[in-house]
file model.txt (compact mmCIF, C-alpha atoms and all ligand atoms)
# COMPACT_ATOMS: atom_id res chain seq x y z
CA MET A 142 147.34 -49.30 -17.78
CA TYR A 143 148.32 -52.78 -16.72
CA GLN A 144 149.80 -53.85 -20.04
CA GLU A 145 153.33 -55.12 -20.36
CA VAL A 146 154.70 -52.03 -22.02
CA THR A 147 158.15 -53.57 -22.31
CA THR A 148 156.89 -56.33 -24.61
CA MET A 149 156.39 -53.75 -27.35
CA SER A 150 159.05 -54.32 -29.96
CA ILE A 151 160.04 -51.25 -31.88
CA ASP A 152 161.21 -51.62 -35.44
CA ASP A 153 164.00 -49.10 -35.73
CA ASN A 154 163.52 -48.95 -39.47
CA ALA A 155 159.94 -47.76 -39.11
CA ALA A 156 159.25 -44.27 -40.39
CA PRO A 157 159.50 -41.62 -37.69
CA VAL A 158 156.13 -40.62 -36.28
CA ALA A 159 155.21 -37.04 -35.51
CA GLY A 160 153.69 -36.24 -32.13
CA PHE A 161 155.00 -39.05 -29.91
CA SER A 162 152.94 -38.93 -26.79
CA SER A 163 154.36 -41.62 -24.53
CA PRO A 164 157.57 -41.41 -22.52
CA SER A 165 158.91 -44.50 -24.34
CA GLY A 166 158.94 -42.51 -27.56
CA GLY A 167 155.93 -44.20 -29.14
CA ILE A 168 152.27 -43.36 -29.27
CA ASP A 169 150.51 -44.92 -26.33
CA LEU A 170 146.90 -45.80 -27.11
CA SER A 171 146.81 -48.53 -24.48
CA ALA A 172 145.99 -46.82 -21.21
CA ASN A 173 142.93 -44.62 -21.84
CA THR A 174 144.64 -41.50 -20.59
CA ASN A 175 143.52 -38.00 -21.56
CA ALA A 176 144.57 -37.01 -25.09
CA CYS A 177 144.36 -33.35 -23.98
CA GLY A 178 146.80 -33.96 -21.11
CA ALA A 179 146.42 -32.65 -17.57
CA SER A 180 144.39 -29.61 -16.66
CA PRO A 181 146.73 -26.58 -16.89
CA ALA A 182 145.20 -25.34 -13.63
CA ALA A 183 146.26 -28.60 -11.96
CA VAL A 184 149.79 -28.25 -13.31
CA ALA A 185 149.97 -24.69 -11.93
CA ALA A 186 148.67 -25.93 -8.56
CA LEU A 187 151.41 -28.57 -8.51
CA ALA A 188 154.07 -25.92 -9.00
CA ARG A 189 152.63 -23.94 -6.08
CA ALA A 190 152.38 -27.06 -3.89
CA ALA A 191 156.06 -27.84 -4.45
CA SER A 192 157.05 -25.24 -1.83
CA GLY A 193 155.27 -27.29 0.84
CA LEU A 194 156.79 -30.69 0.12
CA HIS A 195 158.39 -30.91 3.57
CA LEU A 196 154.90 -30.85 5.13
CA TYR A 197 152.41 -33.71 5.49
CA PRO A 198 149.26 -33.49 3.42
CA ALA A 199 145.75 -33.15 4.86
CA ARG A 200 145.16 -36.38 6.82
CA PHE A 201 142.11 -37.61 4.93
CA CYS A 202 141.96 -35.16 2.01
CA GLU A 203 139.61 -32.85 3.92
CA PRO A 204 139.79 -29.84 1.52
CA LEU A 205 139.20 -32.02 -1.56
CA THR A 206 136.43 -33.90 0.23
CA ARG A 207 134.73 -30.55 0.92
CA CYS A 208 135.01 -29.53 -2.75
CA LEU A 209 133.58 -32.86 -3.92
CA ALA A 210 130.76 -32.77 -1.38
CA ARG A 211 129.82 -29.31 -2.64
CA LYS A 212 129.99 -30.36 -6.28
CA PHE A 213 127.78 -33.43 -5.78
CA GLU A 214 125.52 -31.83 -3.15
CA LEU A 215 126.35 -34.48 -0.58
CA ALA A 216 127.52 -34.39 3.04
CA GLU A 217 131.28 -34.68 3.57
CA GLU A 218 130.63 -38.04 5.27
CA GLN A 219 129.39 -39.30 1.92
CA VAL A 220 132.70 -38.76 0.14
CA LEU A 221 135.92 -40.77 0.43
CA CYS A 222 139.14 -39.84 -1.40
CA ALA A 223 141.92 -42.33 -1.99
CA ASN A 224 144.90 -43.24 -4.17
CA GLY A 225 142.98 -43.61 -7.39
CA ALA A 226 139.74 -45.40 -8.10
CA SER A 227 141.96 -48.49 -7.78
CA ALA A 228 142.30 -47.95 -4.03
CA ILE A 229 138.52 -47.64 -3.66
CA ILE A 230 138.10 -50.94 -5.55
CA GLU A 231 140.58 -52.52 -3.16
CA PHE A 232 138.68 -51.19 -0.10
CA LEU A 233 135.42 -52.61 -1.48
CA LEU A 234 136.91 -56.06 -1.98
CA ARG A 235 138.72 -55.92 1.36
CA ASP A 236 135.42 -55.09 3.03
CA LEU A 237 133.68 -58.17 1.65
CA PRO A 238 132.54 -60.36 4.56
CA LEU A 239 134.24 -63.75 4.97
CA GLY A 240 132.70 -66.36 2.66
CA ALA A 241 130.94 -63.72 0.56
CA MET A 242 131.47 -63.39 -3.18
CA ALA A 243 131.90 -60.51 -5.59
CA LEU A 244 130.12 -60.44 -8.94
CA TRP A 245 130.77 -58.46 -12.10
CA PRO A 246 130.08 -58.73 -15.80
CA TRP A 247 132.66 -60.25 -18.10
CA PRO A 248 134.63 -58.73 -19.69
CA SER A 249 135.25 -55.92 -17.26
CA PHE A 250 138.14 -53.97 -15.76
CA VAL A 251 140.96 -56.44 -15.15
CA LEU A 252 141.97 -54.84 -11.83
CA TYR A 253 138.82 -56.26 -10.21
CA GLU A 254 140.12 -59.77 -10.76
CA ILE A 255 143.75 -58.92 -9.93
CA CYS A 256 142.70 -57.33 -6.66
CA ALA A 257 140.22 -60.09 -5.73
CA LYS A 258 142.89 -62.73 -6.35
CA GLN A 259 145.46 -60.86 -4.25
CA LEU A 260 142.99 -60.59 -1.39
CA GLY A 261 141.82 -64.21 -1.77
CA ARG A 262 138.22 -63.19 -2.50
CA ASP A 263 135.85 -65.46 -4.41
CA ILE A 264 134.32 -64.06 -7.55
CA VAL A 265 131.65 -64.92 -10.08
CA VAL A 266 131.18 -63.31 -13.49
CA ALA A 267 128.06 -62.79 -15.59
CA SER A 268 128.07 -62.97 -19.38
CA HIS A 269 127.64 -59.93 -21.63
CA ARG A 270 125.03 -59.28 -24.32
CA ASP A 271 126.72 -58.16 -27.54
CA TRP A 272 129.49 -56.66 -25.40
CA HIS A 273 126.91 -54.71 -23.34
CA THR A 274 126.55 -55.26 -19.60
CA ASP A 275 123.54 -57.53 -19.15
CA ILE A 276 121.53 -56.64 -16.04
CA ASP A 277 119.44 -59.82 -16.37
CA ALA A 278 122.58 -61.96 -16.44
CA LEU A 279 123.80 -60.15 -13.30
CA LEU A 280 120.45 -60.78 -11.60
CA ARG A 281 120.61 -64.48 -12.50
CA SER A 282 124.17 -64.72 -11.12
CA CYS A 283 123.36 -62.90 -7.89
CA THR A 284 123.17 -65.90 -5.55
CA PRO A 285 122.71 -65.39 -1.79
CA THR A 286 126.51 -65.50 -1.22
CA VAL A 287 127.10 -62.53 -3.54
CA LYS A 288 127.49 -59.38 -1.42
CA LEU A 289 129.22 -57.04 -3.86
CA ILE A 290 128.42 -56.28 -7.51
CA LEU A 291 130.93 -54.18 -9.42
CA ILE A 292 129.80 -52.52 -12.63
CA ALA A 293 132.16 -50.38 -14.68
CA ASN A 294 129.96 -47.83 -16.46
CA PRO A 295 131.11 -47.05 -19.13
CA ASN A 296 132.65 -50.49 -19.17
CA ASN A 297 136.32 -51.17 -19.65
CA PRO A 298 137.27 -52.76 -22.11
CA THR A 299 134.08 -52.53 -24.22
CA GLY A 300 133.25 -48.83 -23.77
CA THR A 301 129.52 -49.63 -23.63
CA TRP A 302 127.31 -47.70 -21.23
CA LEU A 303 124.18 -48.45 -19.24
CA LYS A 304 121.60 -45.80 -18.42
CA PRO A 305 121.24 -45.14 -14.67
CA LEU A 306 117.66 -46.40 -15.10
CA GLU A 307 119.02 -49.85 -16.01
CA ILE A 308 121.23 -49.85 -12.94
CA GLU A 309 118.24 -48.88 -10.87
CA ARG A 310 116.45 -51.95 -12.26
CA LEU A 311 119.19 -54.03 -10.67
CA LEU A 312 119.09 -52.08 -7.41
CA LYS A 313 115.32 -52.57 -7.17
CA ARG A 314 115.60 -56.32 -7.44
CA ILE A 315 118.56 -57.25 -5.24
CA PRO A 316 118.58 -57.49 -1.43
CA ARG A 317 119.74 -54.37 0.45
CA ASP A 318 122.69 -56.24 1.94
CA VAL A 319 124.24 -56.52 -1.54
CA LEU A 320 126.42 -53.52 -2.28
CA VAL A 321 126.39 -52.25 -5.86
CA ALA A 322 129.53 -50.32 -6.77
CA VAL A 323 129.23 -48.43 -10.04
CA ASP A 324 132.68 -47.59 -11.34
CA GLU A 325 132.27 -44.31 -13.21
CA ALA A 326 135.96 -43.81 -14.01
CA TYR A 327 134.99 -42.75 -17.55
CA GLN A 328 131.66 -41.04 -16.73
CA GLU A 329 132.83 -37.59 -17.82
CA PHE A 330 133.18 -38.85 -21.39
CA VAL A 331 129.54 -39.93 -21.67
CA VAL A 332 127.62 -37.78 -24.13
CA THR A 333 123.84 -38.12 -24.04
CA ASP A 334 120.80 -35.96 -23.41
CA GLU A 335 119.90 -38.11 -20.43
CA ASP A 336 121.29 -38.31 -16.92
CA THR A 337 124.82 -39.67 -17.28
CA SER A 338 125.61 -40.62 -13.67
CA CYS A 339 124.09 -42.77 -10.94
CA ARG A 340 124.63 -39.87 -8.52
CA SER A 341 120.87 -39.20 -8.38
CA LEU A 342 120.28 -42.73 -7.05
CA ILE A 343 122.37 -42.28 -3.90
CA GLU A 344 119.50 -40.82 -1.83
CA ARG A 345 117.23 -43.75 -2.67
CA TYR A 346 119.70 -46.65 -2.38
CA ASP A 347 121.98 -46.86 0.62
CA ASN A 348 123.58 -49.97 -0.95
CA LEU A 349 124.99 -47.97 -3.87
CA VAL A 350 128.54 -46.63 -4.05
CA ILE A 351 129.86 -44.64 -7.00
CA ILE A 352 133.56 -44.81 -7.83
CA ARG A 353 135.21 -41.92 -9.70
CA SER A 354 138.71 -41.17 -10.92
CA PHE A 355 140.86 -38.13 -11.65
CA SER A 356 142.99 -40.26 -14.00
CA LYS A 357 140.87 -40.00 -17.12
CA ALA A 358 138.94 -36.85 -18.05
CA TYR A 359 140.94 -34.75 -15.56
CA GLY A 360 144.23 -36.09 -16.92
CA LEU A 361 145.88 -36.80 -13.55
CA ALA A 362 146.68 -40.53 -13.92
CA GLY A 363 150.25 -40.03 -12.69
CA LEU A 364 149.11 -38.53 -9.39
CA ARG A 365 146.87 -41.46 -8.36
CA ILE A 366 143.71 -39.94 -7.01
CA GLY A 367 140.06 -41.01 -7.06
CA TYR A 368 137.03 -41.05 -4.79
CA ALA A 369 133.85 -42.79 -3.76
CA LEU A 370 130.37 -41.36 -3.18
CA GLY A 371 127.57 -43.06 -1.29
CA ALA A 372 125.51 -43.30 1.87
CA ALA A 373 127.43 -42.11 4.94
CA GLU A 374 127.29 -45.54 6.61
CA ARG A 375 128.70 -47.33 3.56
CA ILE A 376 131.43 -44.73 3.13
CA ALA A 377 132.32 -45.00 6.82
CA LYS A 378 132.84 -48.76 6.38
CA LEU A 379 135.20 -48.15 3.46
CA ARG A 380 137.00 -45.39 5.36
CA ARG A 381 138.12 -47.99 7.92
CA HIS A 382 140.54 -49.32 5.29
CA CYS A 383 142.11 -45.91 4.79
CA LEU A 384 145.35 -44.92 6.51
CA PRO A 385 146.00 -41.24 7.29
CA PHE A 386 148.28 -39.20 4.97
CA GLN A 387 147.95 -41.74 2.12
CA VAL A 388 147.12 -39.27 -0.62
CA SER A 389 150.01 -36.90 -1.37
CA SER A 390 149.63 -33.15 -1.01
CA LEU A 391 150.47 -32.81 -4.73
CA ALA A 392 147.60 -35.09 -5.72
CA GLN A 393 145.18 -33.31 -3.40
CA GLU A 394 146.11 -29.81 -4.61
CA ALA A 395 146.04 -30.79 -8.27
CA ALA A 396 142.69 -32.54 -7.94
CA CYS A 397 141.12 -29.48 -6.26
CA ALA A 398 142.38 -27.27 -9.08
CA ALA A 399 141.32 -29.73 -11.80
CA LEU A 400 137.83 -29.90 -10.35
CA ASP A 401 137.47 -26.15 -10.85
CA ASP A 402 138.91 -26.20 -14.37
CA GLU A 403 135.68 -26.77 -16.23
CA ALA A 404 137.13 -25.44 -19.49
CA HIS A 405 139.70 -28.24 -19.62
CA LEU A 406 137.13 -30.87 -18.73
CA GLU A 407 134.80 -29.58 -21.42
CA ARG A 408 137.57 -29.53 -24.02
CA SER A 409 138.61 -33.10 -23.08
CA ARG A 410 135.02 -34.27 -23.36
CA ARG A 411 134.35 -32.46 -26.66
CA GLU A 412 137.57 -33.50 -28.42
CA ASN A 413 137.16 -37.08 -27.27
CA ALA A 414 133.58 -37.21 -28.55
CA ILE A 415 134.60 -35.85 -31.97
CA GLU A 416 137.51 -38.25 -32.39
CA ARG A 417 135.60 -41.20 -30.92
CA ALA A 418 132.85 -40.71 -33.51
CA ARG A 419 135.37 -40.35 -36.32
CA VAL A 420 137.46 -43.41 -35.32
CA SER A 421 134.31 -45.54 -34.85
CA SER A 422 132.95 -44.44 -38.22
CA VAL A 423 136.19 -45.14 -40.12
CA LEU A 424 136.44 -48.54 -38.43
CA GLY A 425 132.87 -49.25 -39.51
CA GLN A 426 133.76 -48.33 -43.09
CA LEU A 427 136.71 -50.73 -42.87
CA GLY A 428 134.31 -53.48 -41.81
CA VAL A 429 135.16 -53.51 -38.08
CA ALA A 430 131.93 -53.00 -36.16
CA VAL A 431 132.85 -51.54 -32.78
CA PRO A 432 130.27 -51.54 -29.99
CA PRO A 433 129.05 -47.97 -29.30
CA SER A 434 131.57 -46.40 -26.93
CA GLN A 435 130.85 -43.74 -24.34
CA ALA A 436 134.42 -43.82 -23.02
CA ASN A 437 137.75 -42.56 -24.38
CA PHE A 438 138.54 -45.82 -26.12
CA VAL A 439 136.97 -48.24 -28.57
CA PHE A 440 136.77 -52.02 -28.46
CA LEU A 441 137.58 -53.98 -31.58
CA PRO A 442 136.28 -57.53 -31.82
CA LEU A 443 138.62 -59.12 -34.39
CA SER A 444 140.06 -62.60 -34.89
CA ALA A 445 143.05 -63.84 -32.88
CA GLU A 446 145.07 -63.91 -36.09
CA LEU A 447 144.16 -60.34 -36.97
CA VAL A 448 144.98 -59.13 -33.45
CA LYS A 449 148.49 -60.51 -33.85
CA ASP A 450 148.88 -58.88 -37.28
CA VAL A 451 147.59 -55.51 -36.04
CA GLU A 452 149.91 -55.64 -33.03
CA ARG A 453 152.91 -56.49 -35.19
CA LEU A 454 152.19 -53.64 -37.56
CA ALA A 455 151.38 -51.26 -34.71
CA ALA A 456 154.71 -52.01 -33.01
CA ALA A 457 156.52 -51.26 -36.25
CA HIS A 458 154.77 -47.87 -36.25
CA ARG A 459 155.62 -47.27 -32.62
CA LEU A 460 152.03 -47.55 -31.62
CA LEU A 461 151.04 -49.24 -28.39
CA LEU A 462 147.48 -50.65 -28.31
CA GLY A 463 145.47 -52.16 -25.45
CA ARG A 464 146.11 -55.91 -25.45
CA LEU A 465 143.30 -57.81 -23.81
CA LEU A 466 144.93 -61.13 -22.99
CA PRO A 467 144.78 -60.31 -19.25
CA TYR A 468 141.00 -59.98 -19.79
CA GLY A 469 140.90 -63.47 -21.31
CA LEU A 470 140.36 -62.02 -24.79
CA ASP A 471 142.84 -62.94 -27.50
CA SER A 472 140.59 -61.89 -30.37
CA ALA A 473 139.92 -58.26 -29.48
CA LEU A 474 141.82 -55.03 -28.93
CA ARG A 475 141.06 -51.90 -26.95
CA VAL A 476 142.32 -48.69 -28.49
CA SER A 477 142.35 -45.37 -26.67
CA ILE A 478 141.14 -42.25 -28.41
CA GLY A 479 144.21 -40.07 -28.84
CA SER A 480 144.90 -36.84 -30.67
CA ALA A 481 143.74 -36.68 -34.31
CA PRO A 482 147.24 -37.44 -35.72
CA ASP A 483 147.69 -40.36 -33.28
CA ASN A 484 144.28 -41.75 -34.25
CA ASP A 485 145.19 -41.38 -37.94
CA ARG A 486 148.31 -43.43 -37.31
CA PHE A 487 146.21 -46.18 -35.74
CA LEU A 488 143.65 -46.08 -38.57
CA THR A 489 146.44 -46.43 -41.13
CA VAL A 490 147.78 -49.46 -39.26
CA ILE A 491 144.42 -51.22 -38.98
CA ALA A 492 143.54 -50.48 -42.63
CA ARG A 493 146.86 -51.96 -43.70
CA ALA A 494 146.43 -55.04 -41.48
CA LEU A 495 142.95 -55.64 -42.88
CA GLN A 496 144.21 -55.28 -46.45
CA ILE A 497 147.02 -57.80 -45.81
CA ALA A 498 144.52 -60.24 -44.28
CA LYS A 499 142.18 -59.76 -47.26
CA ASN A 500 144.98 -60.37 -49.76
CA ALA A 501 146.07 -63.49 -47.87
CA ALA A 502 142.49 -64.80 -47.87
CA LEU A 503 142.18 -64.14 -51.62
CA CYS A 504 145.45 -65.99 -52.30
CA SER A 505 144.44 -69.01 -50.25
CA SER A 506 140.96 -69.21 -51.81
CA SER A 507 142.04 -68.77 -55.47
CA PRO A 508 142.80 -72.08 -57.18
CA SER A 509 146.45 -72.95 -57.86
CA PRO A 510 147.62 -72.72 -61.50
CA GLU A 511 147.63 -76.56 -61.70
CA ALA A 512 144.08 -76.73 -60.42
CA ARG A 513 143.03 -74.22 -63.08
CA GLN A 514 144.34 -76.38 -65.95
CA PRO A 515 141.69 -78.33 -67.79
CA SER A 516 141.98 -82.03 -67.13
C1 LIG B 601 136.93 -48.93 -15.18
C2 LIG B 601 138.14 -48.42 -14.47
N1 LIG B 601 138.04 -48.18 -13.16
C3 LIG B 601 139.08 -47.72 -12.47
C4 LIG B 601 140.30 -47.48 -13.08
C5 LIG B 601 141.46 -47.05 -12.27
O1 LIG B 601 141.45 -45.67 -12.06
P1 LIG B 601 142.56 -44.98 -11.20
O2 LIG B 601 143.66 -44.58 -12.13
O3 LIG B 601 141.86 -43.79 -10.61
O4 LIG B 601 143.05 -45.94 -10.17
C6 LIG B 601 140.45 -47.71 -14.44
C7 LIG B 601 141.72 -47.49 -15.10
O5 LIG B 601 142.00 -47.79 -16.21
C8 LIG B 601 139.34 -48.21 -15.16
O6 LIG B 601 139.43 -48.50 -16.44
call {"tool": "encode", "arguments": {"input": "model.txt", "output": "C-alpha cells"}}
result
Amino acid sequence: MYQEVTTMSIDDNAAPVAGFSSPSGGIDLSANTNACGASPAAVAALARAASGLHLYPARFCEPLTRCLARKFELAEEQVLCANGASAIIEFLLRDLPLGAMALWPWPSFVLYEICAKQLGRDIVVASHRDWHTDIDALLRSCTPTVKLILIANPNNPTGTWLKPLEIERLLKRIPRDVLVAVDEAYQEFVVTDEDTSCRSLIERYDNLVIIRSFSKAYGLAGLRIGYALGAAERIAKLRRHCLPFQVSSLAQEAACAALDDEAHLERSRRENAIERARVSSVLGQLGVAVPPSQANFVFLPLSAELVKDVERLAAAHRLLLGRLLPYGLDSALRVSIGSAPDNDRFLTVIARALQIAKNAALCSSSPSPEARQPS
C-alpha cells in the first residue's frame, strides 16, 4: 500500500500477461487488496449514492455506526468510524499523553512508524519469535513510560496470528493505564475452529481497542473506511480527534452494503484460504519456508540477493510484489494472495529466480577446468 509503485520497471519485451489486475497494467501483489474485488452490493450502493453527491454525509457515520454496533452487540458509543483503519491508528498515536511511548512488535505495519514519526511520538519495538509476535518480548519492553501497545493480528508483513487467549495474557499482566490496540485489519481472513477476534475481550478489558478495516476482506480500499471498537470511555477519547463530515457519503453507503453482503465476504475468505494454502505449499516445495499466514498475503524470508533477483524477474513479468525496505527488511518479500492465474505467475517467477540462484551457486562452487587438471 505504501510502496513506491513508480519504481517498478516494466520490460516491454516481457510476454503479455493475462488478467492484469492493477490500473498500471501489471499484476499488483503488493498491497494486500481483495482478489475478489469489491462487494457487488457495495458497488450497487455507490451507484445509488451518486444521486446525493451534493449533500453532506452523516456527520459521524451514524447509520454505519448503528449497523456495526448491532453486528458486534455493542452500544453505539463503543464504535468509532473513520477514514480507514489508518485514521484510527493516527487517533491512537495522537492521543498518547506527552512523554509517553508507543510499543509494537517488529516487524509490523509500517504505517505505525510513519505516523508516530509525523506526530513526533516516541516508540519502542519488541523482537519477534520466528516471525511470530512474541507476547513475552512485549511484556519485557513494556516500561512504565509505555502507554500504548499496537499489535497487528494477523500481523503485517508476516501474516502470523495470535490467539485472543495470548493477547489476553498480555492484557492480564499490564497496567490498566496502558491501552492495547489490536489491529484486526485482516481478521476476516483468519480460518480456525477457535475464536478469531478479540471482540469477546472488550467487556473484560476497558484498555482494549480493536481496529478494523473495510479495505481488505470487504474490498473497499479505495473508499478509505475503517472503525474502532472498545469501551465507551476509550472510544470517546478517540472521537475527540474526529472532525464532522470526514467520511464521505459514498464510503458510508458502500460500507453499510458490504457489511450485509455475507456471500461476498464468505467467497473472499474461502478463495483466499484455498489460494493461500496452495501458494504456501508450492513455496515450501521450492524450499522457501513461509511462516503460517492467516492473512491474504505470505511472507518470504529470503536473502537480500535473492530478493533483488526475484524483484527484477517479477518486474519483467509485470508483477508488483511487496518490498519490505520501509520495514527495515531487505532480505524478505511480502506477496499478496491474488487470483489463481496471478498467483501462478508469481510462482513461476520465484521458481525461476530460485533456479537461477541454484545454477549460479553450482557454477561458483564447481572447480575451474585448470583446478581440475592433475598437477
Ligand atoms: C495491519 C494493517 N492495519 C491497517 C491497515 C490500513 O487499513 P486502511 O486501508 O483501512 O487504512 C493496513 C493496510 O495495509 C494494514 O496492513
call {"tool": "residues_near_ligand", "arguments": {"input": "model.txt", "ligand": "ligand LIG 601 (chain B)", "cutoff": "6 Å", "atoms": "all atoms listed in the file", "output": "MDAnalysis selection string"}}
result
chainID A and resid 142 225:227 250 293 297 324 326 354:356 362 365:367
call {"tool": "residues_around", "arguments": {"input": "model.txt", "residues": "A:Leu237", "least_positions_apart": "6", "cutoff": "8 Å", "atoms": "only C-alpha atoms", "output": "ChimeraX atom specification"}}
result
/A:243,262,288-289
call {"tool": "atom_distance", "arguments": {"input": "model.txt", "atom1": "atom CA of A:Asn224", "atom2": "atom CA of A:Leu361"}}
result
11.4 Å
call {"tool": "residues_around", "arguments": {"input": "model.txt", "residues": "A:Leu427", "least_positions_apart": "3", "cutoff": "10 Å", "atoms": "all atoms listed in the file", "output": "ChimeraX atom specification"}}
result
/A:421-424,430,488,491-492,495-496
call {"tool": "atom_distance", "arguments": {"input": "model.txt", "atom1": "atom CA of A:Ala399", "atom2": "atom CA of A:Tyr359"}}
result
6.3 Å
call {"tool": "atom_distance", "arguments": {"input": "model.txt", "atom1": "atom CA of A:Thr299", "atom2": "atom CA of A:Asp277"}}
result
18.1 Å
call {"tool": "closest_residue", "arguments": {"input": "model.txt", "among": "A:Ser341, A:Thr284, A:Gln259, A:Ser180", "to": "A:Cys397", "atoms": "all atoms listed in the file"}}
result
A:Ser180
